[in-house]
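Raw protein-v6.cif, mmCIF, C-alpha atoms:
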```
data_data
#
loop_
_atom_site.label_atom_id
_atom_site.label_comp_id
_atom_site.auth_asym_id
_atom_site.auth_seq_id
_atom_site.Cartn_x
_atom_site.Cartn_y
_atom_site.Cartn_z
CA MET A 18 106.38 74.40 106.23
CA TYR A 19 106.51 77.45 103.99
CA ASN A 20 103.38 79.61 104.17
CA LEU A 21 101.92 79.77 100.67
CA ASN A 22 98.99 81.85 101.91
CA LYS A 23 101.43 84.77 101.61
CA ILE A 24 101.97 84.34 97.88
CA TYR A 25 102.23 87.74 96.25
CA SER A 26 100.17 86.79 93.25
CA THR A 27 97.50 89.25 92.23
CA ARG A 28 94.95 86.47 91.92
CA LEU A 29 96.00 83.31 93.74
CA TYR A 30 97.14 81.75 96.97
CA PHE A 31 97.71 78.14 98.05
CA LYS A 32 96.36 76.18 101.00
CA TYR A 33 97.83 72.89 102.20
CA ASP A 34 95.25 70.15 102.76
CA ASN A 35 95.76 66.37 102.94
CA ASP A 36 99.07 66.25 101.04
CA ILE A 37 98.00 68.65 98.30
CA TYR A 38 98.15 72.39 97.82
CA ASN A 39 94.78 73.70 96.75
CA VAL A 40 95.06 76.57 94.30
CA ILE A 41 92.62 79.21 95.50
CA TYR A 42 91.33 82.27 93.70
CA LYS A 43 91.55 85.27 96.02
CA SER A 44 88.41 87.16 95.03
CA ASN A 45 86.01 84.43 96.14
CA ASP A 46 88.23 81.89 97.96
CA LYS A 47 87.18 79.23 95.44
CA ILE A 48 89.40 76.20 94.87
CA ILE A 49 90.25 76.16 91.17
CA GLY A 50 92.80 73.34 91.08
CA PHE A 51 95.57 71.59 92.97
CA ILE A 52 99.28 70.92 93.07
CA LYS A 53 100.56 67.74 94.71
CA GLU A 54 104.14 66.77 95.41
CA ILE A 55 104.96 63.21 94.39
CA ASN A 56 108.63 63.01 95.36
CA ASN A 57 111.30 65.62 95.92
CA ASP A 58 114.30 63.61 97.12
CA ASN A 59 116.37 64.30 94.01
CA TYR A 60 113.98 66.37 91.93
CA LEU A 61 110.89 68.42 92.54
CA ILE A 62 108.11 66.29 91.05
CA ILE A 63 104.57 67.62 91.15
CA GLU A 64 101.14 66.85 89.78
CA PHE A 65 99.61 69.99 88.38
CA ASN A 66 95.94 70.43 87.56
CA ILE A 67 93.48 73.27 87.09
CA ILE A 68 89.81 72.26 86.85
CA ASP A 69 88.01 72.56 83.53
CA GLU A 70 86.07 75.67 84.49
CA TYR A 71 89.34 77.56 84.84
CA GLN A 72 91.22 76.26 81.82
CA ASN A 73 92.88 79.56 81.03
CA ILE A 74 96.49 79.71 79.86
CA GLY A 75 97.31 82.83 81.83
CA LEU A 76 95.82 81.47 85.05
CA GLN A 77 97.51 78.08 84.71
CA THR A 78 100.85 79.72 84.08
CA GLU A 79 100.41 81.98 87.09
CA ALA A 80 99.54 79.05 89.37
CA LEU A 81 102.57 77.03 88.30
CA ARG A 82 104.93 80.01 88.33
CA GLU A 83 103.95 81.25 91.78
CA TYR A 84 104.08 77.79 93.32
CA LEU A 85 107.55 77.07 91.97
CA ARG A 86 108.95 80.48 92.80
CA TYR A 87 107.79 80.88 96.37
CA LYS A 88 107.71 77.28 97.49
CA TYR A 89 110.99 76.14 96.05
CA LEU A 90 113.04 78.29 93.70
CA TRP A 91 113.73 81.00 96.28
CA GLU A 92 113.97 78.63 99.23
CA LYS A 93 115.72 75.45 98.10
CA LYS A 94 118.44 74.50 95.66
CA ILE A 95 116.55 72.39 93.17
CA ASP A 96 118.10 72.06 89.75
CA ILE A 97 115.39 70.12 87.95
CA ILE A 98 111.62 70.49 88.15
CA ARG A 99 109.43 67.66 86.88
CA VAL A 100 105.75 68.32 86.31
CA TYR A 101 103.16 65.61 85.72
CA PRO A 102 100.19 67.27 83.98
CA LYS A 103 96.71 65.92 84.52
CA ASN A 104 94.94 67.08 81.39
CA GLU A 105 95.50 68.12 77.79
CA LYS A 106 95.23 71.88 78.37
CA THR A 107 97.81 71.76 81.14
CA ILE A 108 100.10 69.93 78.72
CA ASN A 109 99.57 72.75 76.24
CA VAL A 110 100.67 75.28 78.87
CA LEU A 111 103.83 73.32 79.63
CA ASN A 112 104.64 73.00 75.93
CA LYS A 113 104.58 76.80 75.71
CA ARG A 114 106.65 77.38 78.84
CA TRP A 115 110.02 75.90 77.89
CA PHE A 116 109.46 72.50 79.49
CA ILE A 117 110.82 69.42 77.67
CA LYS A 118 108.78 66.22 77.56
CA GLU A 119 110.40 63.12 79.04
CA ASN A 120 108.09 60.10 79.14
CA ASN A 121 105.04 61.27 81.08
CA TYR A 122 106.82 64.19 82.71
CA TYR A 123 107.72 67.68 81.57
CA ILE A 124 111.11 68.78 82.89
CA ILE A 125 112.98 72.07 83.11
CA ASN A 126 116.01 73.21 85.08
CA LYS A 127 115.94 76.06 87.54
CA GLU A 128 118.21 78.40 85.59
CA ILE A 129 116.14 78.21 82.39
CA TYR A 130 112.87 78.58 84.24
CA LEU A 131 114.01 81.68 86.10
CA SER A 132 115.37 83.23 82.91
CA HIS A 133 111.89 83.14 81.37
CA ILE A 134 109.94 84.61 84.26
CA GLU A 135 108.56 87.96 83.18
CA LYS A 136 110.50 90.94 84.51
CA LEU A 137 108.70 94.28 84.74
CA SER A 138 110.09 97.78 85.00
CA LEU A 139 109.77 99.39 88.42
CA PHE A 140 109.31 103.12 89.05
CA ASP A 141 109.45 105.27 92.15
CA SER A 142 106.79 107.84 93.04
CA ASN A 143 108.58 110.43 90.89
CA LEU A 144 108.45 108.09 87.87
CA ASN A 145 112.17 107.41 87.95
CA LEU A 146 113.04 103.99 86.51
CA LEU A 147 114.68 101.79 89.14
CA ASP A 148 117.81 99.79 88.36
CA TYR A 149 116.26 96.43 89.28
CA PRO A 150 113.15 94.66 87.97
CA ASN A 151 110.05 93.23 89.53
CA LEU A 152 109.71 89.53 88.85
CA ARG A 153 106.11 88.95 87.83
CA GLY A 154 104.13 88.05 90.94
CA GLU A 155 106.86 89.14 93.37
CA GLU A 156 105.93 91.55 96.15
CA ILE A 157 106.24 95.19 95.11
CA LYS A 158 107.68 97.11 98.03
CA ASN A 159 106.33 100.38 99.42
CA ASN A 160 106.71 103.47 97.25
CA THR A 161 107.68 101.47 94.16
CA TYR A 162 105.35 100.69 91.28
CA ALA A 163 105.36 98.21 88.41
CA GLY A 164 104.87 99.94 85.06
CA ILE A 165 101.84 99.30 82.86
CA VAL A 166 100.98 100.90 79.51
CA ASP A 167 97.40 101.82 78.61
CA ILE A 168 96.71 102.14 74.89
CA LEU A 169 93.38 103.33 73.57
CA ILE A 170 93.70 102.67 69.84
CA TYR A 171 92.30 105.31 67.49
CA ASN A 172 91.94 104.53 63.78
CA GLU A 173 92.36 107.44 61.38
CA ASN A 174 90.77 105.29 58.69
CA ASN A 175 87.30 105.29 60.27
CA ASN A 176 87.64 107.91 63.04
CA LYS A 177 86.78 105.32 65.72
CA TYR A 178 88.28 103.75 68.85
CA LEU A 179 88.97 100.07 69.46
CA VAL A 180 87.73 98.00 72.40
CA THR A 181 88.11 94.25 72.80
CA LEU A 182 86.09 91.70 74.75
CA ARG A 183 87.90 89.76 77.48
CA ASP A 184 87.63 85.99 77.24
CA ILE A 185 84.77 84.67 79.38
CA ASN A 186 87.19 82.13 80.90
CA LYS A 187 89.49 84.81 82.32
CA VAL A 188 89.31 84.99 86.09
CA THR A 189 89.49 88.78 86.35
CA SER A 190 86.77 90.80 84.62
CA PRO A 191 85.59 87.98 82.32
CA GLY A 192 83.37 89.10 79.45
CA LYS A 193 84.15 92.80 79.94
CA TRP A 194 85.05 95.29 77.20
CA GLU A 195 88.43 96.98 77.54
CA PHE A 196 91.10 99.03 75.85
CA THR A 197 94.56 97.51 75.48
CA CYS A 198 97.05 97.45 78.36
CA GLY A 199 100.07 95.44 79.47
CA GLY A 200 103.26 95.37 81.50
CA ILE A 201 106.45 97.26 80.59
CA ASP A 202 109.33 94.82 80.31
CA TYR A 203 112.44 95.58 82.34
CA LYS A 204 114.47 98.37 80.68
CA GLU A 205 111.98 98.53 77.81
CA LYS A 206 111.11 102.02 76.60
CA ILE A 207 107.52 102.98 77.35
CA SER A 208 106.99 103.82 73.67
CA ASP A 209 108.28 100.37 72.67
CA ALA A 210 106.04 98.70 75.26
CA LEU A 211 102.89 100.37 73.97
CA LYS A 212 103.66 99.41 70.34
CA ARG A 213 104.47 95.83 71.37
CA GLU A 214 101.37 95.40 73.51
CA ALA A 215 99.12 96.91 70.84
CA PHE A 216 100.50 94.52 68.24
CA GLU A 217 100.37 91.47 70.51
CA GLU A 218 96.76 92.07 71.54
CA THR A 219 95.29 93.44 68.30
CA GLY A 220 97.73 92.74 65.47
CA LEU A 221 97.80 96.47 64.69
CA ASN A 222 100.87 98.65 64.21
CA VAL A 223 100.78 101.96 66.09
CA ILE A 224 102.15 104.66 63.77
CA ASN A 225 101.96 107.48 66.31
CA TYR A 226 100.89 108.01 69.90
CA ILE A 227 99.87 110.71 72.34
CA TYR A 228 100.89 110.49 76.00
CA LEU A 229 98.08 111.62 78.31
CA GLY A 230 99.50 111.14 81.80
CA HIS A 231 99.83 108.52 84.50
CA THR A 232 97.72 107.01 87.28
CA PHE A 233 98.87 105.24 90.46
CA ILE A 234 96.60 102.38 91.54
CA LYS A 235 97.88 100.34 94.47
CA ASP A 236 101.37 99.09 93.48
CA LEU A 237 101.02 99.81 89.76
CA VAL A 238 101.58 102.93 87.69
CA TYR A 239 99.64 103.19 84.43
CA PHE A 240 101.02 105.31 81.58
CA SER A 241 98.04 106.23 79.41
CA HIS A 242 98.30 106.79 75.66
CA ILE A 243 96.17 107.14 72.59
CA GLY A 244 97.77 104.89 69.99
CA ILE A 245 97.10 105.98 66.43
CA VAL A 246 96.72 103.50 63.57
CA ASN A 247 95.60 103.88 59.98
CA THR A 248 94.27 100.55 58.84
CA ASN A 249 91.36 98.54 57.54
CA PRO A 250 88.99 98.14 60.51
CA ASP A 251 88.70 94.43 59.71
CA SER A 252 92.43 93.80 60.15
CA VAL A 253 92.29 93.26 63.92
CA ILE A 254 93.81 89.93 65.04
CA LEU A 255 92.60 88.89 68.49
CA GLN A 256 95.00 87.32 71.00
CA LYS A 257 93.87 83.76 71.63
CA GLY A 258 92.93 83.06 75.23
CA GLU A 259 92.75 86.78 76.02
CA THR A 260 90.00 88.31 73.87
CA THR A 261 87.12 86.93 71.82
CA ASP A 262 85.60 89.93 70.03
CA TYR A 263 86.21 93.57 69.15
CA LYS A 264 84.38 96.63 67.96
CA TRP A 265 85.18 100.13 66.74
CA LEU A 266 83.29 102.89 68.55
CA THR A 267 82.66 106.55 67.92
CA LYS A 268 83.71 108.81 70.77
CA GLU A 269 80.06 109.11 71.85
CA GLU A 270 79.70 105.31 71.91
CA LEU A 271 82.99 105.02 73.79
CA PHE A 272 81.88 107.51 76.46
CA GLN A 273 78.57 105.66 76.82
CA LEU A 274 80.31 102.28 77.24
CA TYR A 275 82.63 103.58 79.97
CA GLY A 276 79.64 104.87 81.86
CA THR A 277 78.40 101.30 82.34
CA ASP A 278 79.50 98.20 84.26
CA LEU A 279 80.45 96.46 81.00
CA VAL A 280 84.09 97.50 81.49
CA PRO A 281 86.58 96.65 84.29
CA ASN A 282 86.37 99.00 87.28
CA THR A 283 90.06 99.89 87.23
CA GLN A 284 89.77 100.94 83.58
CA LYS A 285 86.79 103.14 84.43
CA MET A 286 89.04 104.84 86.99
CA ARG A 287 91.69 105.52 84.35
CA PHE A 288 89.34 106.47 81.54
CA ASN A 289 88.95 110.09 82.65
CA LEU A 290 92.39 110.90 81.23
CA PHE A 291 91.24 109.68 77.83
CA LYS A 292 87.86 111.37 77.99
CA GLU A 293 89.32 114.76 78.92
CA TYR A 294 91.71 114.66 75.99
CA ILE A 295 89.20 113.35 73.45
CA LEU A 296 86.73 116.10 74.33
CA LYS A 297 89.40 118.70 73.49
CA TRP A 298 90.83 116.83 70.50
CA LYS A 299 90.17 118.41 67.11
CA TRP A 300 90.33 116.22 64.01
#
```

Can I see the file as structure tokens?
Amino acid sequence: MYNLNKIYSTRLYFKYDNDIYNVIYKSNDKIIGFIKEINNDNYLIIEFNIIDEYQNIGLQTEALREYLRYKYLWEKKIDIIRVYPKNEKTINVLNKRWFIKENNYYIINKEIYLSHIEKLSLFDSNLNLLDYPNLRGEEIKNNTYAGIVDILIYNENNNKYLVTLRDINKVTSPGKWEFTCGGIDYKEKISDALKREAFEETGLNVINYIYLGHTFIKDLVYFSHIGIVNTNPDSVILQKGETTDYKWLTKEELFQLYGTDLVPNTQKMRFNLFKEYILKWKW
């Protein structure tokens, strides 16, 4: 039997118990849902359920994606996957992930599913872009790093910086304030990634940006930027399921916030690049 305890997900692993695979959150070893195989003679048919406390679109997608990839898609030749969802929110996830409803099942073929798995740009220790991607959740090998953009948004209109509040239902750093960040798609320019992520998470268009430097943390490399906008402060559009509130801060308020535990620890580690620049910045 394939060992799903070795899943290279940042948040999850799976443990086989009485004909089901418990979905377990790494940080506290808590069972947050299950996946059960019904029949896989001709198709892979599974029941898929995440308990109500963890009804988060990103987490559900990660659980389903990692299970399919490491248990079957890389190991067996299965052309069709059938998923039987157990609740309405799981159905919503499947509707957004290219599955097609057939009676009580949601089906998708292997080729289509693989084509929609997120592919991230990989860099070596000298920041050279590698000629192959990292499939989201796949092990990142030694001395290679998946690229992430950090964007601290500065508004020329009110001379303030934007932070958003992470959804309380998110598994990592729930209810914490943060600046915007996200993965760099394979072969995507870093400048395009920062504009895309800023728009996706805040609805704001970055009109200019300042590159501050990079930070290696484990198997990720963060490219830090100040993204400049000039807009009505009330025009922020929050990304559903990701953030629930926002506020514009003066630089003094921003420095004070990042001196507390109200922000994710990894962002506190990267914030020094921003602080050093802002202290020297003349406007």

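Going from atom CA of A:Asn39 over to atom CA of A:Leu61, you cover 17.5 Å.
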
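In this comparison, which uses all atoms listed in the file, the residue of A:Thr107, A:Val246, A:Tyr149, A:Leu144 approaching A:Glu173 most closely is A:Val246.
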
Contacts of stretch 75-80 of chain A at 10 Å (all atoms listed in the file; same-chain gap of 5+ positions) as a ChimeraX atom specification:
/A:26-31,40-42,49-52,65-68,85,106-107,110-111,113-114,153-154,186-189,258-259

In terms of all atoms listed in the file, the residue from A:Tyr228, A:Trp194, A:Tyr294, A:Tyr203 at minimal distance from A:Asn282 is A:Trp194

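Taking atom CA of A:Lys53 as the reference point, atom CA of A:Phe116 is found at 18.3 Å.
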
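From atom CA of A:Phe291 back to atom CA of A:Lys264, the distance works out to 17.7 Å.
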
Applied to this file, what does the PyMOL selection byres ((chain A and resi 117) around 12) return in terms of residues, put as JSON, numbers by chain? {"A": [97, 98, 99, 100, 101, 108, 109, 110, 111, 112, 113, 114, 115, 116, 118, 119, 120, 121, 122, 123, 124, 125, 126, 129, 130]}

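When only C-alpha atoms are used to measure the gap to A:Arg183, the shortest distance among A:Gln256, A:Asn222, A:Thr283, A:Asn249 belongs to A:Gln256.
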
Margin query: Suppose a student applies the PyMOL selection byres ((chain A and resi 211) around 10) to this structure; what residues should they get, written as a PyMOL selection string?
Written below: chain A and resi 165-169+197-201+206-210+212-217+223+226+240-244

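Nearest to A:Ile63 of all the residues A:Pro102, A:Asn151, A:Lys47, A:Lys235 is A:Pro102, counting all atoms listed in the file.
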
Practice item. Report as a list in words the residues that result from applying the PyMOL selection byres ((chain A and resi 160) around 10) to the structure here. Key: Phe140, Asp141, Ser142, Asn143, Ile157, Lys158, Asn159, Thr161, Tyr162, Lys235 and Asp236 of chain A

Which residues are close to A:Leu182, i.e. within 6 Å by all atoms listed in the file, leaving aside same-chain residues fewer than 2 positions away? Reply as JSON, numbers by chain. {"A": [193, 194, 260, 261, 262, 263]}

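Restricting the calculation to only C-alpha atoms, the smallest distance between A:Thr232 and any of A:Val280, A:Leu81, A:Leu179, A:Ala163 is found for A:Ala163.
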
Could you add whatever atoms are missing so that stretch 110-123 of chain A carries N, CA and C atoms, then write the result as a JSON list (two decimals), keeping the file's coordinate frame?
```
[["chain", "number", "residue", "atom", "x", "y", "z"],
["A", 110, "VAL", "N", 99.98, 74.21, 78.15],
["A", 110, "VAL", "CA", 100.67, 75.28, 78.87],
["A", 110, "VAL", "C", 102.15, 74.94, 79.03],
["A", 111, "LEU", "N", 102.44, 73.71, 79.42],
["A", 111, "LEU", "CA", 103.83, 73.32, 79.63],
["A", 111, "LEU", "C", 104.61, 73.33, 78.33],
["A", 112, "ASN", "N", 103.97, 72.95, 77.24],
["A", 112, "ASN", "CA", 104.64, 73.00, 75.93],
["A", 112, "ASN", "C", 105.04, 74.42, 75.56],
["A", 113, "LYS", "N", 104.30, 75.40, 76.05],
["A", 113, "LYS", "CA", 104.58, 76.80, 75.71],
["A", 113, "LYS", "C", 105.49, 77.47, 76.73],
["A", 114, "ARG", "N", 105.89, 76.77, 77.76],
["A", 114, "ARG", "CA", 106.65, 77.38, 78.84],
["A", 114, "ARG", "C", 108.02, 76.75, 79.00],
["A", 115, "TRP", "N", 108.62, 76.32, 77.91],
["A", 115, "TRP", "CA", 110.02, 75.90, 77.89],
["A", 115, "TRP", "C", 110.29, 74.61, 78.65],
["A", 116, "PHE", "N", 109.25, 73.83, 78.94],
["A", 116, "PHE", "CA", 109.46, 72.50, 79.49],
["A", 116, "PHE", "C", 109.74, 71.51, 78.36],
["A", 117, "ILE", "N", 110.50, 70.46, 78.65],
["A", 117, "ILE", "CA", 110.82, 69.42, 77.67],
["A", 117, "ILE", "C", 110.16, 68.12, 78.12],
["A", 118, "LYS", "N", 109.48, 67.44, 77.19],
["A", 118, "LYS", "CA", 108.78, 66.22, 77.56],
["A", 118, "LYS", "C", 109.75, 65.06, 77.70],
["A", 119, "GLU", "N", 109.61, 64.32, 78.79],
["A", 119, "GLU", "CA", 110.40, 63.12, 79.04],
["A", 119, "GLU", "C", 109.46, 62.07, 79.60],
["A", 120, "ASN", "N", 109.11, 61.09, 78.78],
["A", 120, "ASN", "CA", 108.09, 60.10, 79.14],
["A", 120, "ASN", "C", 106.80, 60.82, 79.49],
["A", 121, "ASN", "N", 106.29, 60.62, 80.70],
["A", 121, "ASN", "CA", 105.04, 61.27, 81.08],
["A", 121, "ASN", "C", 105.25, 62.59, 81.80],
["A", 122, "TYR", "N", 106.52, 62.97, 81.97],
["A", 122, "TYR", "CA", 106.82, 64.19, 82.71],
["A", 122, "TYR", "C", 107.28, 65.30, 81.76],
["A", 123, "TYR", "N", 107.12, 66.53, 82.23],
["A", 123, "TYR", "CA", 107.72, 67.68, 81.57],
["A", 123, "TYR", "C", 108.79, 68.23, 82.51]]
```
